[in-house]
Each structure stands twice: as structure tokens, then as C-alpha cells.
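Novice: Got a structure for you, final.txt, holding compact mmCIF, N, CA and C atoms.
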# COMPACT_ATOMS: atom_id res chain seq x y z
N MET A 1 -2.83 -41.23 -42.36
CA MET A 1 -3.77 -40.15 -42.37
C MET A 1 -3.07 -38.92 -42.96
N PRO A 2 -3.51 -38.46 -44.06
CA PRO A 2 -2.84 -37.34 -44.73
C PRO A 2 -3.21 -36.00 -44.09
N TYR A 3 -2.31 -35.07 -44.24
CA TYR A 3 -2.47 -33.70 -43.75
C TYR A 3 -3.12 -32.89 -44.86
N THR A 4 -4.35 -32.41 -44.61
CA THR A 4 -5.11 -31.73 -45.67
C THR A 4 -5.05 -30.21 -45.51
N LEU A 5 -5.57 -29.52 -46.50
CA LEU A 5 -5.65 -28.06 -46.44
C LEU A 5 -6.57 -27.60 -45.32
N ASP A 6 -7.61 -28.38 -45.09
CA ASP A 6 -8.54 -28.06 -44.01
C ASP A 6 -7.81 -28.12 -42.66
N ASP A 7 -6.97 -29.13 -42.49
CA ASP A 7 -6.18 -29.23 -41.26
C ASP A 7 -5.23 -28.04 -41.12
N ARG A 8 -4.64 -27.65 -42.23
CA ARG A 8 -3.72 -26.51 -42.22
C ARG A 8 -4.44 -25.23 -41.81
N GLU A 9 -5.63 -25.00 -42.35
CA GLU A 9 -6.40 -23.81 -42.01
C GLU A 9 -6.81 -23.82 -40.54
N LYS A 10 -7.20 -24.99 -40.04
CA LYS A 10 -7.55 -25.11 -38.62
C LYS A 10 -6.34 -24.79 -37.74
N LEU A 11 -5.19 -25.30 -38.12
CA LEU A 11 -3.98 -25.04 -37.36
C LEU A 11 -3.63 -23.55 -37.37
N ILE A 12 -3.81 -22.90 -38.50
CA ILE A 12 -3.54 -21.46 -38.59
C ILE A 12 -4.48 -20.69 -37.67
N ARG A 13 -5.77 -21.09 -37.65
CA ARG A 13 -6.74 -20.44 -36.77
C ARG A 13 -6.39 -20.66 -35.30
N VAL A 14 -5.99 -21.88 -34.98
CA VAL A 14 -5.61 -22.20 -33.59
C VAL A 14 -4.39 -21.38 -33.18
N GLU A 15 -3.42 -21.26 -34.07
CA GLU A 15 -2.23 -20.46 -33.77
C GLU A 15 -2.61 -19.00 -33.54
N GLY A 16 -3.53 -18.49 -34.34
CA GLY A 16 -4.00 -17.11 -34.16
C GLY A 16 -4.69 -16.93 -32.82
N GLU A 17 -5.51 -17.89 -32.43
CA GLU A 17 -6.19 -17.81 -31.14
C GLU A 17 -5.19 -17.89 -29.99
N VAL A 18 -4.19 -18.75 -30.14
CA VAL A 18 -3.16 -18.86 -29.10
C VAL A 18 -2.40 -17.54 -28.97
N LYS A 19 -2.09 -16.89 -30.09
CA LYS A 19 -1.42 -15.59 -30.05
C LYS A 19 -2.30 -14.55 -29.34
N ASN A 20 -3.61 -14.58 -29.66
CA ASN A 20 -4.53 -13.65 -29.00
C ASN A 20 -4.57 -13.91 -27.49
N LEU A 21 -4.60 -15.18 -27.11
CA LEU A 21 -4.61 -15.51 -25.68
C LEU A 21 -3.31 -15.07 -25.01
N ASN A 22 -2.19 -15.28 -25.68
CA ASN A 22 -0.91 -14.85 -25.12
C ASN A 22 -0.86 -13.33 -24.96
N THR A 23 -1.40 -12.63 -25.94
CA THR A 23 -1.46 -11.17 -25.85
C THR A 23 -2.34 -10.74 -24.69
N GLY A 24 -3.48 -11.40 -24.55
CA GLY A 24 -4.38 -11.10 -23.43
C GLY A 24 -3.73 -11.38 -22.09
N LEU A 25 -3.02 -12.49 -21.99
CA LEU A 25 -2.33 -12.82 -20.75
C LEU A 25 -1.24 -11.80 -20.44
N ALA A 26 -0.53 -11.35 -21.45
CA ALA A 26 0.51 -10.34 -21.24
C ALA A 26 -0.11 -9.04 -20.72
N GLU A 27 -1.26 -8.66 -21.28
CA GLU A 27 -1.94 -7.45 -20.81
C GLU A 27 -2.39 -7.61 -19.37
N ILE A 28 -2.92 -8.78 -19.04
CA ILE A 28 -3.37 -9.03 -17.67
C ILE A 28 -2.19 -8.99 -16.70
N LYS A 29 -1.07 -9.58 -17.10
CA LYS A 29 0.13 -9.54 -16.25
C LYS A 29 0.59 -8.10 -16.03
N GLN A 30 0.54 -7.30 -17.09
CA GLN A 30 0.95 -5.90 -16.97
C GLN A 30 0.01 -5.14 -16.03
N GLN A 31 -1.29 -5.39 -16.15
CA GLN A 31 -2.25 -4.74 -15.28
C GLN A 31 -2.04 -5.16 -13.83
N MET A 32 -1.76 -6.45 -13.62
CA MET A 32 -1.52 -6.93 -12.26
C MET A 32 -0.26 -6.31 -11.68
N ALA A 33 0.78 -6.18 -12.49
CA ALA A 33 2.02 -5.56 -12.02
C ALA A 33 1.78 -4.10 -11.64
N GLN A 34 1.02 -3.39 -12.46
CA GLN A 34 0.70 -1.99 -12.17
C GLN A 34 -0.15 -1.90 -10.91
N SER A 35 -1.11 -2.81 -10.78
CA SER A 35 -1.96 -2.82 -9.60
C SER A 35 -1.14 -3.10 -8.34
N ASN A 36 -0.22 -4.04 -8.43
CA ASN A 36 0.64 -4.35 -7.28
C ASN A 36 1.51 -3.15 -6.92
N ALA A 37 2.02 -2.46 -7.92
CA ALA A 37 2.84 -1.27 -7.65
C ALA A 37 2.00 -0.19 -6.98
N ASP A 38 0.77 -0.01 -7.45
CA ASP A 38 -0.12 0.98 -6.84
C ASP A 38 -0.43 0.61 -5.39
N ILE A 39 -0.69 -0.67 -5.15
CA ILE A 39 -0.99 -1.12 -3.79
C ILE A 39 0.21 -0.92 -2.88
N LYS A 40 1.41 -1.23 -3.37
CA LYS A 40 2.61 -1.03 -2.55
C LYS A 40 2.80 0.45 -2.23
N GLN A 41 2.54 1.32 -3.20
CA GLN A 41 2.67 2.75 -2.97
C GLN A 41 1.65 3.22 -1.93
N GLN A 42 0.43 2.73 -2.02
CA GLN A 42 -0.60 3.10 -1.06
C GLN A 42 -0.25 2.59 0.33
N MET A 43 0.29 1.38 0.41
CA MET A 43 0.69 0.83 1.71
C MET A 43 1.82 1.65 2.32
N ALA A 44 2.78 2.05 1.51
CA ALA A 44 3.89 2.87 2.01
C ALA A 44 3.36 4.21 2.52
N GLN A 45 2.43 4.80 1.79
CA GLN A 45 1.85 6.08 2.21
C GLN A 45 1.06 5.90 3.50
N SER A 46 0.31 4.80 3.62
CA SER A 46 -0.45 4.53 4.83
C SER A 46 0.48 4.34 6.02
N ASN A 47 1.58 3.61 5.81
CA ASN A 47 2.54 3.40 6.89
C ASN A 47 3.14 4.73 7.33
N ALA A 48 3.47 5.58 6.38
CA ALA A 48 4.03 6.89 6.72
C ALA A 48 3.01 7.73 7.49
N ASP A 49 1.75 7.68 7.09
CA ASP A 49 0.70 8.41 7.79
C ASP A 49 0.52 7.90 9.21
N ILE A 50 0.55 6.58 9.38
CA ILE A 50 0.39 5.99 10.71
C ILE A 50 1.56 6.37 11.61
N LYS A 51 2.78 6.33 11.07
CA LYS A 51 3.95 6.72 11.86
C LYS A 51 3.86 8.19 12.26
N GLN A 52 3.44 9.04 11.36
CA GLN A 52 3.30 10.46 11.66
C GLN A 52 2.27 10.68 12.75
N GLN A 53 1.15 9.98 12.66
CA GLN A 53 0.10 10.13 13.66
C GLN A 53 0.57 9.61 15.02
N ALA A 54 1.29 8.49 15.03
CA ALA A 54 1.81 7.95 16.29
C ALA A 54 2.81 8.93 16.91
N ASN A 55 3.68 9.52 16.10
CA ASN A 55 4.63 10.50 16.62
C ASN A 55 3.92 11.72 17.19
N THR A 56 2.87 12.16 16.52
CA THR A 56 2.11 13.31 17.00
C THR A 56 1.44 13.00 18.34
N LEU A 57 0.82 11.83 18.44
CA LEU A 57 0.16 11.45 19.69
C LEU A 57 1.17 11.27 20.82
N PHE A 58 2.32 10.68 20.51
CA PHE A 58 3.36 10.51 21.52
C PHE A 58 3.86 11.87 22.01
N GLY A 59 4.07 12.79 21.10
CA GLY A 59 4.49 14.13 21.47
C GLY A 59 3.45 14.84 22.32
N ALA A 60 2.18 14.66 21.98
CA ALA A 60 1.11 15.28 22.76
C ALA A 60 1.08 14.70 24.18
N CYS A 61 1.27 13.40 24.30
CA CYS A 61 1.29 12.78 25.64
C CYS A 61 2.45 13.31 26.46
N ILE A 62 3.62 13.41 25.86
CA ILE A 62 4.79 13.95 26.57
C ILE A 62 4.52 15.39 26.99
N ALA A 63 3.92 16.19 26.12
CA ALA A 63 3.62 17.58 26.45
C ALA A 63 2.62 17.65 27.60
N LEU A 64 1.60 16.81 27.59
CA LEU A 64 0.62 16.82 28.68
C LEU A 64 1.25 16.38 30.00
N ILE A 65 2.15 15.43 29.95
CA ILE A 65 2.85 15.01 31.17
C ILE A 65 3.69 16.17 31.70
N GLY A 66 4.35 16.88 30.79
CA GLY A 66 5.13 18.05 31.19
C GLY A 66 4.26 19.12 31.83
N VAL A 67 3.10 19.39 31.26
CA VAL A 67 2.18 20.37 31.82
C VAL A 67 1.71 19.91 33.19
N LEU A 68 1.40 18.63 33.34
CA LEU A 68 0.96 18.09 34.63
C LEU A 68 2.04 18.27 35.68
N LEU A 69 3.28 17.96 35.35
CA LEU A 69 4.38 18.14 36.30
C LEU A 69 4.56 19.61 36.66
N ALA A 70 4.43 20.49 35.69
CA ALA A 70 4.55 21.93 35.96
C ALA A 70 3.46 22.39 36.91
N VAL A 71 2.25 21.93 36.71
CA VAL A 71 1.14 22.29 37.60
C VAL A 71 1.38 21.74 39.00
N ILE A 72 1.87 20.52 39.08
CA ILE A 72 2.14 19.92 40.39
C ILE A 72 3.20 20.73 41.13
N PHE A 73 4.31 21.07 40.47
CA PHE A 73 5.36 21.85 41.12
C PHE A 73 4.86 23.25 41.49
N TRP A 74 4.09 23.88 40.63
CA TRP A 74 3.56 25.20 40.92
C TRP A 74 2.64 25.15 42.13
N ASP A 75 1.78 24.12 42.20
CA ASP A 75 0.86 23.98 43.32
C ASP A 75 1.62 23.74 44.62
N ARG A 76 2.64 22.91 44.59
CA ARG A 76 3.45 22.64 45.79
C ARG A 76 4.15 23.92 46.25
N ARG A 77 4.68 24.67 45.30
CA ARG A 77 5.41 25.88 45.65
C ARG A 77 4.46 26.92 46.25
N SER A 78 3.25 27.02 45.69
CA SER A 78 2.30 28.01 46.22
C SER A 78 1.75 27.58 47.58
N GLU A 79 1.73 26.30 47.88
CA GLU A 79 1.29 25.81 49.18
C GLU A 79 2.34 26.09 50.24
N MET A 80 3.60 26.07 49.86
CA MET A 80 4.68 26.24 50.82
C MET A 80 4.84 27.69 51.24
N GLN A 81 4.38 28.63 50.46
CA GLN A 81 4.52 30.04 50.81
C GLN A 81 3.51 30.41 51.89
N PRO A 82 3.96 31.15 52.92
CA PRO A 82 3.03 31.52 54.01
C PRO A 82 2.03 32.59 53.63
Show me, as C-alpha cells, the structure contained in the file I just sent.

Specialist:
Amino acid sequence: MPYTLDDREKLIRVEGEVKNLNTGLAEIKQQMAQSNADIKQQMAQSNADIKQQANTLFGACIALIGVLLAVIFWDRRSEMQP
């Protein structure tokens, strides 16, 4: 079976399409890498926000416990005075 000019032209077209597909895949990979980087950055920011909020709430609880103890001691002291 001889190799004809028609076969050669078809092969050239197929090679061009393969190059286009490879270029498209490279672009998709780049977009996915950028998307993953963006997601990681958002996750890191969310984690930092959650830690900050937890620290704030923990500090508020400690402060309220301190206020409660102060009120308890003040009330006991005022009860003991004649």
C-alpha cells in the first residue's frame, strides 16, 4: 500500500490538531494550577480568620469568668461587713 500525497496531507492535519489539543491541555493545566493556588490561599485565609475568631471568643470567656469572680468576691466582702 503506497503512501500518497493525500495521506501526507491528512497526517499534517492530524499533527496540527494534536498540537492544538496539546496547547489546549497546557492552558487547562495552567488554569487548574492557578485555581488550586487561589483555593489554597483562600483556605489559608479562612483558617487564619477562624483562629482569630476562636482566640477572640476564648479571651471573652476568660474575661467574663474574671468579671464573675470579681463580682462574687465583692459580694462576699460586702456581706461580711456589719

Novice: Between atom C of Ala33 (chain A) and atom N of Gln45 (chain A), what is the distance, to one decimal in Å?

Specialist: 16.1 Å

Novice: For CA of Leu21 (chain A) and atom C of Tyr3 (chain A), determine how far apart the two atoms are, in Å to one decimal place.

Specialist: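 Here the two named atoms are 25.9 Å from each other.
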
Novice: When you draw a straight line from atom N of Ala37 (chain A) to atom C of Gln52 (chain A), how long is it in Å?

Specialist: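 For atom N of Ala37 (chain A) relative to atom C of Gln52 (chain A), the distance reads 24.5 Å.
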